[in-house]
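Text of protein39.pdb, listed as PDB, C-alpha atoms:
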```pdb
ATOM      1  CA  MET A   1      -1.608   0.479  16.850  1.00  0.00           C
ATOM      2  CA  ASP A   2      -0.515  -0.228  20.417  1.00  0.00           C
ATOM      3  CA  THR A   3      -1.394  -3.903  19.986  1.00  0.00           C
ATOM      4  CA  PHE A   4       0.615  -4.142  16.768  1.00  0.00           C
ATOM      5  CA  ARG A   5       3.509  -2.388  18.499  1.00  0.00           C
ATOM      6  CA  THR A   6       3.312  -5.009  21.252  1.00  0.00           C
ATOM      7  CA  ALA A   7       3.376  -7.820  18.682  1.00  0.00           C
ATOM      8  CA  VAL A   8       6.458  -6.317  17.010  1.00  0.00           C
ATOM      9  CA  GLN A   9       8.101  -5.865  20.418  1.00  0.00           C
ATOM     10  CA  ARG A  10       7.464  -9.518  21.303  1.00  0.00           C
ATOM     11  CA  ALA A  11       8.921 -10.688  18.004  1.00  0.00           C
ATOM     12  CA  TYR A  12      11.920  -8.376  18.460  1.00  0.00           C
ATOM     13  CA  ASP A  13      12.524  -9.557  22.022  1.00  0.00           C
ATOM     14  CA  SER A  14      12.231 -13.227  21.049  1.00  0.00           C
ATOM     15  CA  VAL A  15      15.047 -13.035  18.470  1.00  0.00           C
ATOM     16  CA  GLY A  16      17.310 -10.495  20.130  1.00  0.00           C
ATOM     17  CA  ASP A  17      20.548 -11.627  21.705  1.00  0.00           C
ATOM     18  CA  PRO A  18      21.172  -9.986  25.099  1.00  0.00           C
ATOM     19  CA  GLU A  19      24.915 -10.038  24.330  1.00  0.00           C
ATOM     20  CA  LYS A  20      24.532  -7.778  21.317  1.00  0.00           C
ATOM     21  CA  GLU A  21      22.745  -4.486  21.123  1.00  0.00           C
ATOM     22  CA  GLY A  22      19.895  -4.603  18.619  1.00  0.00           C
ATOM     23  CA  VAL A  23      19.148  -7.094  15.847  1.00  0.00           C
ATOM     24  CA  ASP A  24      20.865  -7.911  12.563  1.00  0.00           C
ATOM     25  CA  GLN A  25      19.599  -8.763   9.077  1.00  0.00           C
ATOM     26  CA  ASP A  26      18.922 -12.426   9.897  1.00  0.00           C
ATOM     27  CA  ASP A  27      16.971 -11.370  12.984  1.00  0.00           C
ATOM     28  CA  ILE A  28      14.820  -9.042  10.853  1.00  0.00           C
ATOM     29  CA  THR A  29      13.875 -12.006   8.648  1.00  0.00           C
ATOM     30  CA  ASP A  30      12.952 -13.959  11.773  1.00  0.00           C
ATOM     31  CA  ILE A  31      10.898 -11.051  13.169  1.00  0.00           C
ATOM     32  CA  LEU A  32       8.930 -10.705   9.939  1.00  0.00           C
ATOM     33  CA  SER A  33       8.264 -14.433   9.894  1.00  0.00           C
ATOM     34  CA  ARG A  34       6.975 -14.305  13.475  1.00  0.00           C
ATOM     35  CA  LEU A  35       4.670 -11.445  12.466  1.00  0.00           C
ATOM     36  CA  GLY A  36       3.158 -13.550   9.692  1.00  0.00           C
ATOM     37  CA  TYR A  37       4.903 -11.931   6.724  1.00  0.00           C
ATOM     38  CA  SER A  38       5.509 -14.226   3.767  1.00  0.00           C
ATOM     39  CA  SER A  39       9.105 -14.276   2.523  1.00  0.00           C
ATOM     40  CA  GLU A  40       7.770 -14.163  -1.035  1.00  0.00           C
ATOM     41  CA  ASP A  41       5.593 -11.092  -0.498  1.00  0.00           C
ATOM     42  CA  ARG A  42       6.695  -7.862  -2.227  1.00  0.00           C
ATOM     43  CA  GLU A  43       6.205  -5.839   0.967  1.00  0.00           C
ATOM     44  CA  THR A  44       8.418  -8.276   2.881  1.00  0.00           C
ATOM     45  CA  GLN A  45      11.121  -8.094   0.216  1.00  0.00           C
ATOM     46  CA  ASN A  46      11.018  -4.300   0.387  1.00  0.00           C
ATOM     47  CA  ILE A  47      11.389  -4.343   4.185  1.00  0.00           C
ATOM     48  CA  LEU A  48      14.288  -6.807   3.954  1.00  0.00           C
ATOM     49  CA  SER A  49      15.989  -4.693   1.321  1.00  0.00           C
ATOM     50  CA  GLN A  50      15.738  -1.606   3.524  1.00  0.00           C
ATOM     51  CA  ALA A  51      16.985  -3.597   6.511  1.00  0.00           C
ATOM     52  CA  ALA A  52      19.978  -4.834   4.485  1.00  0.00           C
ATOM     53  CA  THR A  53      20.915  -1.244   3.707  1.00  0.00           C
ATOM     54  CA  MET A  54      20.529  -0.217   7.338  1.00  0.00           C
ATOM     55  CA  THR A  55      22.614  -3.135   8.640  1.00  0.00           C
ATOM     56  CA  SER A  56      25.246  -3.158   5.863  1.00  0.00           C
ATOM     57  CA  ASN A  57      28.049  -1.796   8.064  1.00  0.00           C
ATOM     58  CA  ASN A  58      27.507  -4.439  10.750  1.00  0.00           C
ATOM     59  CA  GLN A  59      25.114  -2.040  12.435  1.00  0.00           C
ATOM     60  CA  ASN A  60      22.397  -3.633  14.511  1.00  0.00           C
ATOM     61  CA  MET A  61      18.918  -2.148  14.569  1.00  0.00           C
ATOM     62  CA  LYS A  62      17.208  -1.020  17.752  1.00  0.00           C
ATOM     63  CA  PHE A  63      13.520  -1.744  18.353  1.00  0.00           C
ATOM     64  CA  GLN A  64      12.291   1.695  17.249  1.00  0.00           C
ATOM     65  CA  GLU A  65      14.122   1.359  13.922  1.00  0.00           C
ATOM     66  CA  VAL A  66      12.652  -2.097  13.364  1.00  0.00           C
ATOM     67  CA  PHE A  67       9.163  -0.901  14.261  1.00  0.00           C
ATOM     68  CA  LYS A  68       9.346   2.040  11.840  1.00  0.00           C
ATOM     69  CA  LEU A  69      10.647  -0.292   9.159  1.00  0.00           C
ATOM     70  CA  VAL A  70       7.762  -2.736   9.658  1.00  0.00           C
ATOM     71  CA  VAL A  71       5.115  -0.028   9.876  1.00  0.00           C
ATOM     72  CA  GLY A  72       6.646   1.778   6.922  1.00  0.00           C
ATOM     73  CA  ARG A  73       6.064   5.262   8.232  1.00  0.00           C
ATOM     74  CA  ASN A  74       5.242   7.117  11.389  1.00  0.00           C
ATOM     75  CA  GLU A  75       1.935   6.748  13.192  1.00  0.00           C
ATOM     76  CA  GLU A  76       0.638  10.224  12.297  1.00  0.00           C
ATOM     77  CA  GLU A  77       1.058   9.595   8.564  1.00  0.00           C
ATOM     78  CA  THR A  78      -0.657   6.222   8.869  1.00  0.00           C
ATOM     79  CA  LEU A  79      -3.641   7.655  10.745  1.00  0.00           C
ATOM     80  CA  ALA A  80      -3.905  10.485   8.211  1.00  0.00           C
ATOM     81  CA  ASP A  81      -3.987   7.907   5.403  1.00  0.00           C
ATOM     82  CA  ILE A  82      -6.761   6.011   7.174  1.00  0.00           C
ATOM     83  CA  THR A  83      -8.776   9.193   7.686  1.00  0.00           C
ATOM     84  CA  ASN A  84      -8.322  10.071   3.999  1.00  0.00           C
ATOM     85  CA  ALA A  85      -9.521   6.596   3.017  1.00  0.00           C
ATOM     86  CA  PHE A  86     -12.657   7.027   5.134  1.00  0.00           C
ATOM     87  CA  GLU A  87     -13.301  10.416   3.527  1.00  0.00           C
ATOM     88  CA  ILE A  88     -13.732   8.700   0.154  1.00  0.00           C
ATOM     89  CA  PHE A  89     -16.862   7.000   1.504  1.00  0.00           C
ATOM     90  CA  ASP A  90     -18.150  10.046   3.400  1.00  0.00           C
ATOM     91  CA  ARG A  91     -20.908  11.154   1.035  1.00  0.00           C
ATOM     92  CA  ASP A  92     -22.156  13.962   3.299  1.00  0.00           C
ATOM     93  CA  ASP A  93     -18.663  15.190   4.231  1.00  0.00           C
ATOM     94  CA  ASP A  94     -19.697  15.225   7.891  1.00  0.00           C
ATOM     95  CA  GLY A  95     -17.010  12.932   9.309  1.00  0.00           C
ATOM     96  CA  LYS A  96     -19.445  10.057   9.739  1.00  0.00           C
ATOM     97  CA  LEU A  97     -20.049   6.801   7.922  1.00  0.00           C
ATOM     98  CA  GLN A  98     -22.723   4.174   8.117  1.00  0.00           C
ATOM     99  CA  THR A  99     -21.592   0.791   9.343  1.00  0.00           C
ATOM    100  CA  LYS A 100     -22.867  -0.721   6.088  1.00  0.00           C
ATOM    101  CA  ASP A 101     -20.483   1.510   4.087  1.00  0.00           C
ATOM    102  CA  LEU A 102     -17.566   0.401   6.232  1.00  0.00           C
ATOM    103  CA  HIS A 103     -18.665  -3.211   5.789  1.00  0.00           C
ATOM    104  CA  ARG A 104     -18.818  -2.854   2.019  1.00  0.00           C
ATOM    105  CA  ALA A 105     -15.374  -1.211   1.861  1.00  0.00           C
ATOM    106  CA  LEU A 106     -13.601  -3.691   4.093  1.00  0.00           C
ATOM    107  CA  THR A 107     -15.199  -6.930   2.924  1.00  0.00           C
ATOM    108  CA  ARG A 108     -15.397  -6.318  -0.820  1.00  0.00           C
ATOM    109  CA  ILE A 109     -12.654  -3.903  -1.855  1.00  0.00           C
ATOM    110  CA  GLY A 110      -8.939  -4.495  -2.169  1.00  0.00           C
ATOM    111  CA  ASP A 111      -6.578  -7.372  -2.728  1.00  0.00           C
ATOM    112  CA  ASP A 112      -7.278  -9.015   0.624  1.00  0.00           C
ATOM    113  CA  PRO A 113     -10.785  -8.105   1.826  1.00  0.00           C
ATOM    114  CA  LEU A 114     -11.777  -9.013   5.366  1.00  0.00           C
ATOM    115  CA  THR A 115     -13.937 -11.987   6.174  1.00  0.00           C
ATOM    116  CA  GLU A 116     -17.263 -11.427   7.909  1.00  0.00           C
ATOM    117  CA  GLU A 117     -15.709 -12.700  11.155  1.00  0.00           C
ATOM    118  CA  GLU A 118     -12.794 -10.226  10.894  1.00  0.00           C
ATOM    119  CA  PHE A 119     -15.215  -7.387  10.213  1.00  0.00           C
ATOM    120  CA  GLN A 120     -17.298  -8.298  13.271  1.00  0.00           C
ATOM    121  CA  GLU A 121     -14.102  -8.378  15.341  1.00  0.00           C
ATOM    122  CA  ILE A 122     -13.257  -4.850  14.181  1.00  0.00           C
ATOM    123  CA  LEU A 123     -16.721  -3.648  15.151  1.00  0.00           C
ATOM    124  CA  SER A 124     -16.248  -5.180  18.568  1.00  0.00           C
ATOM    125  CA  LEU A 125     -12.732  -3.804  19.076  1.00  0.00           C
ATOM    126  CA  ALA A 126     -13.814  -0.351  17.961  1.00  0.00           C
ATOM    127  CA  GLU A 127     -17.007  -0.593  20.015  1.00  0.00           C
ATOM    128  CA  LEU A 128     -19.114   0.237  16.958  1.00  0.00           C
ATOM    129  CA  ASP A 129     -22.818  -0.467  16.655  1.00  0.00           C
ATOM    130  CA  PRO A 130     -23.262  -3.622  14.537  1.00  0.00           C
ATOM    131  CA  ASP A 131     -26.543  -2.219  13.150  1.00  0.00           C
ATOM    132  CA  PHE A 132     -25.766  -1.559   9.495  1.00  0.00           C
ATOM    133  CA  GLU A 133     -27.930   1.584   9.570  1.00  0.00           C
ATOM    134  CA  ALA A 134     -25.937   3.099  12.453  1.00  0.00           C
ATOM    135  CA  PHE A 135     -23.400   5.884  11.913  1.00  0.00           C
ATOM    136  CA  PHE A 136     -19.973   6.264  13.478  1.00  0.00           C
ATOM    137  CA  ASP A 137     -17.509   9.145  13.623  1.00  0.00           C
ATOM    138  CA  TYR A 138     -14.436   7.908  11.737  1.00  0.00           C
ATOM    139  CA  LYS A 139     -12.312  10.875  12.757  1.00  0.00           C
ATOM    140  CA  ASP A 140     -12.945   9.996  16.389  1.00  0.00           C
ATOM    141  CA  LEU A 141     -12.115   6.384  15.577  1.00  0.00           C
ATOM    142  CA  THR A 142      -8.736   7.232  14.041  1.00  0.00           C
ATOM    143  CA  ASN A 143      -7.983   9.748  16.762  1.00  0.00           C
ATOM    144  CA  HIS A 144      -8.289   6.904  19.269  1.00  0.00           C
ATOM    145  CA  LYS A 145      -5.730   4.957  17.235  1.00  0.00           C
ATOM    146  CA  LEU A 146      -8.030   2.111  16.306  1.00  0.00           C
ATOM    147  CA  ALA A 147      -6.250   1.818  12.984  1.00  0.00           C
ATOM    148  CA  LEU A 148      -8.371  -0.590  10.987  1.00  0.00           C
ATOM    149  CA  SER A 149      -5.561  -1.331   8.572  1.00  0.00           C
ATOM    150  CA  TYR A 150      -3.714  -3.142  11.385  1.00  0.00           C
ATOM    151  CA  ALA A 151      -6.623  -5.133  12.805  1.00  0.00           C
ATOM    152  CA  SER A 152      -6.171  -8.212  10.677  1.00  0.00           C
ATOM    153  CA  LYS A 153      -2.376  -8.197  10.889  1.00  0.00           C
ATOM    154  CA  THR A 154      -2.480  -7.607  14.643  1.00  0.00           C
ATOM    155  CA  THR A 155      -4.747 -10.586  15.215  1.00  0.00           C
ATOM    156  CA  LYS A 156      -2.459 -12.826  13.165  1.00  0.00           C
ATOM    157  CA  SER A 157       0.640 -11.429  14.907  1.00  0.00           C
ATOM    158  CA  GLU A 158      -0.706 -12.072  18.402  1.00  0.00           C
ATOM    159  CA  ASN A 159      -1.409 -15.681  17.507  1.00  0.00           C
ATOM    160  CA  ILE A 160       2.119 -16.113  16.173  1.00  0.00           C
ATOM    161  CA  CYS A 161       4.057 -14.112  18.773  1.00  0.00           C
ATOM    162  CA  VAL A 162       3.322 -16.055  21.901  1.00  0.00           C
ATOM    163  CA  SER A 163       6.168 -15.638  24.348  1.00  0.00           C
TER     164      SER A 163
END
```
Target encoding structure tokens, full file:
Amino acid sequence: MDTFRTAVQRAYDSVGDPEKEGVDQDDITDILSRLGYSSEDRETQNILSQAATMTSNNQNMKFQEVFKLVVGRNEEETLADITNAFEIFDRDDDGKLQTKDLHRALTRIGDDPLTEEEFQEILSLAELDPDFEAFFDYKDLTNHKLALSYASKTTKSENICVS
């Protein structure tokens, strides 16, 4: 999460005008583009719609407002969602998953499953044992804010947001 926050901060700083306080609607579009969001994506359109409402009275948005808008909710809710997602795969209800279960979930399920390379990067970032028979404590993982849902986006954002 901290890395994604840094990427958003870089994008925010790169479009912000020191003469004005905060960013406007056009700047939000620029920030999202720098973070790798597609202008045709439904999520992007939703963010832009919310930003338009927030900036409708010529109000500029501060970084924290932009960050919450991009993330879509606060960090605690996001980490709770991730923990709940892990619980679906926790057959023994012991707070632990096998690496192979995580691999299956992240590389085969969803609209945009991870590539093998992205999965290996997550294992490395999270310092997880690459042995598919190994177990890891997912509650400990989320408590340390290694939010797997941001790993792919963070990597793309860091490549785009070079200052």
Interatomic distance between CA of Leu102 in chain A and CA of Pro130 in chain A?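 These two atoms are separated by 10.8 Å.
Distances here use only C-alpha atoms; by that measure, the residue among A:Leu97, A:Ala126, A:Leu35, A:Leu69 closest to Ala52 in chain A is A:Leu69.
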Excluding same-chain residues fewer than 5 positions from range 104-111 of chain A, what lies within 12 Å of it counting only C-alpha atoms, as a list in words?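 The filter keeps Ala85, Phe86, Glu87, Ile88, Phe89, Asp90, Leu97, Gln98, Thr99, Glu116, Glu117, Glu118, Phe119, Gln120, Ile122, Leu123, Phe132, Leu148, Ser149, Ala151 and Ser152 of chain A.
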Quick one: write out the picked residues with C-alpha atoms as an mmCIF file, in the coordinates of the input?
```cif
data_model
loop_
_atom_site.group_PDB
_atom_site.id
_atom_site.type_symbol
_atom_site.label_atom_id
_atom_site.label_comp_id
_atom_site.auth_asym_id
_atom_site.auth_seq_id
_atom_site.Cartn_x
_atom_site.Cartn_y
_atom_site.Cartn_z
ATOM 1 C CA ALA A 85 -9.521 6.596 3.017
ATOM 2 C CA PHE A 86 -12.657 7.027 5.134
ATOM 3 C CA GLU A 87 -13.301 10.416 3.527
ATOM 4 C CA ILE A 88 -13.732 8.700 0.154
ATOM 5 C CA PHE A 89 -16.862 7.000 1.504
ATOM 6 C CA ASP A 90 -18.150 10.046 3.400
ATOM 7 C CA LEU A 97 -20.049 6.801 7.922
ATOM 8 C CA GLN A 98 -22.723 4.174 8.117
ATOM 9 C CA THR A 99 -21.592 0.791 9.343
ATOM 10 C CA GLU A 116 -17.263 -11.427 7.909
ATOM 11 C CA GLU A 117 -15.709 -12.700 11.155
ATOM 12 C CA GLU A 118 -12.794 -10.226 10.894
ATOM 13 C CA PHE A 119 -15.215 -7.387 10.213
ATOM 14 C CA GLN A 120 -17.298 -8.298 13.271
ATOM 15 C CA ILE A 122 -13.257 -4.850 14.181
ATOM 16 C CA LEU A 123 -16.721 -3.648 15.151
ATOM 17 C CA PHE A 132 -25.766 -1.559 9.495
ATOM 18 C CA LEU A 148 -8.371 -0.590 10.987
ATOM 19 C CA SER A 149 -5.561 -1.331 8.572
ATOM 20 C CA ALA A 151 -6.623 -5.133 12.805
ATOM 21 C CA SER A 152 -6.171 -8.212 10.677
#
```
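Counting all atoms listed in the file, the residue from A:Glu40, A:Thr55, A:Lys96, A:Asp81 that sits nearest to Asp26 in chain A is A:Thr55.
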Using Å and a single decimal, report how far CA of Asp27 in chain A sits from CA of Val15 in chain A. 6.0 Å
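Each of A:Val71, A:Ala51, A:Ala11, A:Leu128 was checked against Gly36 in chain A using only C-alpha atoms; the smallest atom-to-atom distance is that of A:Ala11.
In terms of minimum interatomic distance to Glu133 in chain A, A:His103 ranks closest within A:His103, A:Asp112, A:Asp41, A:Pro18, counting only C-alpha atoms.
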